[in-house]
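So the structure is just underneath, and the comments pick up after that.
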Amino acid sequence: MDDIDYQILSQLRNNVISKMRTFFDKNNERFFSDYELSQLSKIEVSFLTKNSISRHGLTTNSDKSKKISPSNCKVRLNRKLFEEKYSLYAEFVLYHEYIHCLGNFSHDKNFRQLENLWPNIEKMSIFGRQLTRELQENNSQWAWTCSKCGFIVKRSTRKFRSNYFHKECLGKLENIPIIRPTSLEH
């Protein structure tokens with residue numbers, strides 16, 4: 001990772017941890033202790049591979065034989081998050097991954113309550129859907145197309161069984177490669 005990437009990720013980490021310090025419960029107790037925030041600041045944060053079309057962030061355990069904890073996890077983020085239009089959403093995605101690092105691995109009620117502490121959570125959902133559509137549009141190589149209604153789902157891999165059906169109209173799905181113009185054809 002070069003110096004610029006390191007600076008960008010460090011700034012993002014600092015922004016997220018600073019916001020997390022401001023989250024209080026009904027009894028005016030902080031949701032995240034100084035110790036937890038200190039542990040989060042030590043977690044390795046890097047980038048996902050460039051061809052990821054559905055993931056915005058990913059938390060993995062460093063040592064697969066142990067449970068995820070702040071001392072046993074890594075966070076990877078999609079590079080697309082670092083475009084100006086997604087800068088606020090990038091903070092939310094790192095926050096989401098930090099919740100996982102604190103031991104909340106499933107997206108259960110407790111996880112959602114912590115996630116909903118983030119400011120403008122509704123707006124984050126909109127950014128998330130927009131980013132997913134953009135990633136699928138730019139990086140997908142296959143299209144599952146409904147033979148009955150024309151519905152299209154873009155996919156990054158060819159994995160496909162011939163017995164897939166569109167759940168809305170029950171039309172059979174066909175797997176069609178997406179052909180993109182080459183630079184000479186522009």
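By convention here, the chains of the structure tokens are called A, B, ... in the order presented, each chain's residues are numbered starting at 1, and ligands are numbered starting at 1 in the order presented.
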
Segment 40-99 of chain A residues near segment 14-18 of chain A within 10 Å, closest pair each, using only C-alpha atoms, as CSV:
```
residue,atom,partner,partner_atom,distance
A:Leu40,CA,A:Ile17,CA,7.9
A:Ser41,CA,A:Ile17,CA,7.5
A:Leu88,CA,A:Val16,CA,10.0
A:Ala90,CA,A:Val16,CA,9.4
A:Glu91,CA,A:Val16,CA,5.8
A:Phe92,CA,A:Val16,CA,7.7
A:Val93,CA,A:Val16,CA,9.6
A:Leu94,CA,A:Val16,CA,7.2
A:Tyr95,CA,A:Val16,CA,6.3
A:Tyr98,CA,A:Val16,CA,9.3
```

Keeping only C-alpha atoms, write those residues as a short mmCIF file (atom, residue, chain, number, x, y, z; two decimals), in the first residue's frame.
```cif
data_model
loop_
_atom_site.label_atom_id
_atom_site.label_comp_id
_atom_site.auth_asym_id
_atom_site.auth_seq_id
_atom_site.Cartn_x
_atom_site.Cartn_y
_atom_site.Cartn_z
CA LEU A 40 -10.37 -0.75 16.55
CA SER A 41 -7.73 1.82 15.68
CA LEU A 88 -19.77 9.73 3.78
CA ALA A 90 -17.28 4.99 3.18
CA GLU A 91 -17.33 6.03 6.84
CA PHE A 92 -20.55 4.12 7.40
CA VAL A 93 -19.17 0.97 5.73
CA LEU A 94 -16.07 1.05 7.94
CA TYR A 95 -18.33 1.57 10.99
CA TYR A 98 -16.02 -2.32 13.01
#
```

If you run DSSP on this backbone, which residues of segment 29-120 of chain A come out as strand (DSSP E), and could you give them as a PyMOL selection string? chain A and resi 44-47+57-60+74-77

Expected file contents, prior selection, all heavy atoms, as a CSV table (one decimal), in the first residue's frame:
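Saved file selection34.csv follows:
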```csv
chain,number,residue,atom,x,y,z
A,44,GLU,N,-6.0,-3.7,10.9
A,44,GLU,CA,-5.5,-3.5,9.5
A,44,GLU,C,-6.7,-3.2,8.6
A,44,GLU,O,-7.7,-4.0,8.5
A,44,GLU,CB,-4.8,-4.7,9.0
A,44,GLU,CG,-4.3,-4.6,7.6
A,44,GLU,CD,-3.7,-5.9,7.1
A,44,GLU,OE1,-3.2,-6.7,7.9
A,44,GLU,OE2,-3.8,-6.2,5.9
A,45,VAL,N,-6.7,-2.1,7.9
A,45,VAL,CA,-7.7,-1.8,6.9
A,45,VAL,C,-7.0,-1.7,5.5
A,45,VAL,O,-6.0,-1.0,5.4
A,45,VAL,CB,-8.4,-0.5,7.2
A,45,VAL,CG1,-9.5,-0.1,6.2
A,45,VAL,CG2,-9.0,-0.5,8.6
A,46,SER,N,-7.6,-2.4,4.5
A,46,SER,CA,-7.0,-2.3,3.2
A,46,SER,C,-8.2,-2.4,2.2
A,46,SER,O,-9.3,-2.1,2.5
A,46,SER,CB,-6.0,-3.5,3.0
A,46,SER,OG,-6.7,-4.7,3.2
A,47,PHE,N,-7.8,-2.7,0.9
A,47,PHE,CA,-8.8,-2.6,-0.2
A,47,PHE,C,-9.2,-4.0,-0.6
A,47,PHE,O,-8.4,-4.9,-0.7
A,47,PHE,CB,-8.3,-1.8,-1.3
A,47,PHE,CG,-8.0,-0.4,-1.0
A,47,PHE,CD1,-6.7,0.0,-0.9
A,47,PHE,CD2,-9.0,0.5,-0.9
A,47,PHE,CE1,-6.4,1.4,-0.5
A,47,PHE,CE2,-8.8,1.8,-0.6
A,47,PHE,CZ,-7.5,2.3,-0.4
A,57,GLY,N,-17.7,-3.8,1.8
A,57,GLY,CA,-16.7,-4.0,2.8
A,57,GLY,C,-16.7,-5.5,3.3
A,57,GLY,O,-17.6,-6.2,3.0
A,58,LEU,N,-15.6,-5.9,3.9
A,58,LEU,CA,-15.5,-7.3,4.3
A,58,LEU,C,-14.6,-7.4,5.6
A,58,LEU,O,-13.5,-6.7,5.6
A,58,LEU,CB,-14.8,-8.1,3.2
A,58,LEU,CG,-14.5,-9.6,3.5
A,58,LEU,CD1,-15.8,-10.4,3.6
A,58,LEU,CD2,-13.7,-10.2,2.4
A,59,THR,N,-15.1,-8.1,6.5
A,59,THR,CA,-14.3,-8.4,7.8
A,59,THR,C,-14.0,-9.8,7.8
A,59,THR,O,-14.8,-10.7,7.6
A,59,THR,CB,-15.1,-8.0,9.0
A,59,THR,OG1,-15.5,-6.6,9.0
A,59,THR,CG2,-14.4,-8.3,10.3
A,60,THR,N,-12.7,-10.1,8.0
A,60,THR,CA,-12.3,-11.5,8.1
A,60,THR,C,-11.4,-11.7,9.3
A,60,THR,O,-10.8,-10.7,9.8
A,60,THR,CB,-11.4,-11.9,6.8
A,60,THR,OG1,-10.3,-11.1,6.7
A,60,THR,CG2,-12.2,-11.9,5.6
A,74,LYS,N,-9.3,-8.4,10.1
A,74,LYS,CA,-8.9,-7.4,9.1
A,74,LYS,C,-10.1,-6.9,8.4
A,74,LYS,O,-11.1,-7.6,8.2
A,74,LYS,CB,-8.0,-8.1,8.0
A,74,LYS,CG,-6.7,-8.7,8.5
A,74,LYS,CD,-6.1,-9.4,7.3
A,74,LYS,CE,-4.9,-10.2,7.8
A,74,LYS,NZ,-4.3,-11.0,6.7
A,75,VAL,N,-10.0,-5.7,7.9
A,75,VAL,CA,-11.2,-5.1,7.2
A,75,VAL,C,-10.6,-4.7,5.8
A,75,VAL,O,-9.6,-4.1,5.7
A,75,VAL,CB,-11.7,-3.8,7.9
A,75,VAL,CG1,-12.7,-3.1,7.1
A,75,VAL,CG2,-12.3,-4.2,9.3
A,76,ARG,N,-11.5,-5.0,4.8
A,76,ARG,CA,-11.1,-4.6,3.5
A,76,ARG,C,-12.3,-3.8,2.9
A,76,ARG,O,-13.5,-4.2,3.1
A,76,ARG,CB,-10.8,-5.8,2.6
A,76,ARG,CG,-9.5,-6.4,3.0
A,76,ARG,CD,-9.1,-7.5,2.1
A,76,ARG,NE,-9.9,-8.7,2.4
A,76,ARG,CZ,-9.9,-9.8,1.8
A,76,ARG,NH1,-9.2,-10.0,0.8
A,76,ARG,NH2,-10.7,-10.8,2.2
A,77,LEU,N,-12.0,-2.7,2.2
A,77,LEU,CA,-13.1,-1.9,1.7
A,77,LEU,C,-13.0,-1.8,0.2
A,77,LEU,O,-11.9,-1.8,-0.4
A,77,LEU,CB,-12.9,-0.5,2.3
A,77,LEU,CG,-13.0,-0.4,3.8
A,77,LEU,CD1,-12.7,1.0,4.3
A,77,LEU,CD2,-14.4,-0.8,4.3
```

Which one is closest to Trp118 of chain A: A:Arg133, A:Lys19, A:Arg13, A:Lys64? Count only C-alpha atoms. A:Lys19

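Between atom CA of Asp5 of chain A and atom CA of Tyr89 of chain A the separation is 17.5 Å.
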
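Look at segment 151-166 of chain A: the protein and nucleic acid residues within 9 Å of it, using only C-alpha atoms and passing over chain neighbours fewer than 2 places away, are Asn51, Ser52, Ile53, Ser54, Gln136, Glu137, Asn139, Ser140, Gln141, Trp142, Ala143, Trp144, Thr145, Cys146, Ser147, Lys148, Cys149, Glu168, Cys169, Leu170, Gly171, Lys172, Leu173, Glu174, Asn175, Ile176, Pro177 and Ile178 of chain A.
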
Once you have the residues from the selection above, write them out as a PDB file, in the first residue's frame, restricted to C-alpha atoms.
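Writing done, so here's result.pdb:
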```
ATOM      1  CA  ASN A  51     -13.432  -6.851  -9.555  1.00  0.00           C
ATOM      2  CA  SER A  52     -15.724  -7.025  -6.523  1.00  0.00           C
ATOM      3  CA  ILE A  53     -19.242  -6.168  -7.718  1.00  0.00           C
ATOM      4  CA  SER A  54     -21.353  -6.694  -4.635  1.00  0.00           C
ATOM      5  CA  GLN A 136     -22.778  -4.248 -11.164  1.00  0.00           C
ATOM      6  CA  GLU A 137     -23.120  -2.034 -14.225  1.00  0.00           C
ATOM      7  CA  ASN A 139     -17.935  -4.865 -13.552  1.00  0.00           C
ATOM      8  CA  SER A 140     -20.434  -7.595 -14.354  1.00  0.00           C
ATOM      9  CA  GLN A 141     -19.568 -10.064 -17.095  1.00  0.00           C
ATOM     10  CA  TRP A 142     -22.759 -12.137 -17.214  1.00  0.00           C
ATOM     11  CA  ALA A 143     -26.464 -11.296 -17.292  1.00  0.00           C
ATOM     12  CA  TRP A 144     -29.167 -13.637 -16.062  1.00  0.00           C
ATOM     13  CA  THR A 145     -32.039 -12.662 -18.352  1.00  0.00           C
ATOM     14  CA  CYS A 146     -35.664 -13.736 -17.906  1.00  0.00           C
ATOM     15  CA  SER A 147     -37.054 -15.262 -21.096  1.00  0.00           C
ATOM     16  CA  LYS A 148     -40.597 -14.228 -20.138  1.00  0.00           C
ATOM     17  CA  CYS A 149     -40.408 -10.602 -18.899  1.00  0.00           C
ATOM     18  CA  GLU A 168     -41.667 -12.767 -10.042  1.00  0.00           C
ATOM     19  CA  CYS A 169     -42.996 -14.240 -13.287  1.00  0.00           C
ATOM     20  CA  LEU A 170     -41.486 -17.781 -13.190  1.00  0.00           C
ATOM     21  CA  GLY A 171     -39.813 -17.241 -16.562  1.00  0.00           C
ATOM     22  CA  LYS A 172     -36.701 -19.304 -17.222  1.00  0.00           C
ATOM     23  CA  LEU A 173     -33.420 -17.421 -16.710  1.00  0.00           C
ATOM     24  CA  GLU A 174     -30.746 -17.546 -19.388  1.00  0.00           C
ATOM     25  CA  ASN A 175     -27.089 -16.787 -18.725  1.00  0.00           C
ATOM     26  CA  ILE A 176     -25.808 -14.382 -21.388  1.00  0.00           C
ATOM     27  CA  PRO A 177     -22.267 -12.941 -21.590  1.00  0.00           C
ATOM     28  CA  ILE A 178     -22.029  -9.155 -21.540  1.00  0.00           C
TER      29      ILE A 178
END
```

Judged by only C-alpha atoms, the minimum distance to Phe82 of chain A among A:Pro181, A:Gln39, A:His56, A:Lys109 is found for A:His56

Give me, as a ChimeraX atom specification, the residues of chain A that a backbone DSSP run labels alpha helix (DSSP H). /A:3-20,34-40,87-101,109-115,121-139

Which one of A:Ile4, A:Leu117, A:Met124, A:Leu135 sits closest to Arg30 of chain A if you count only C-alpha atoms?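 Under the stated criterion, the closest residue is A:Leu117.
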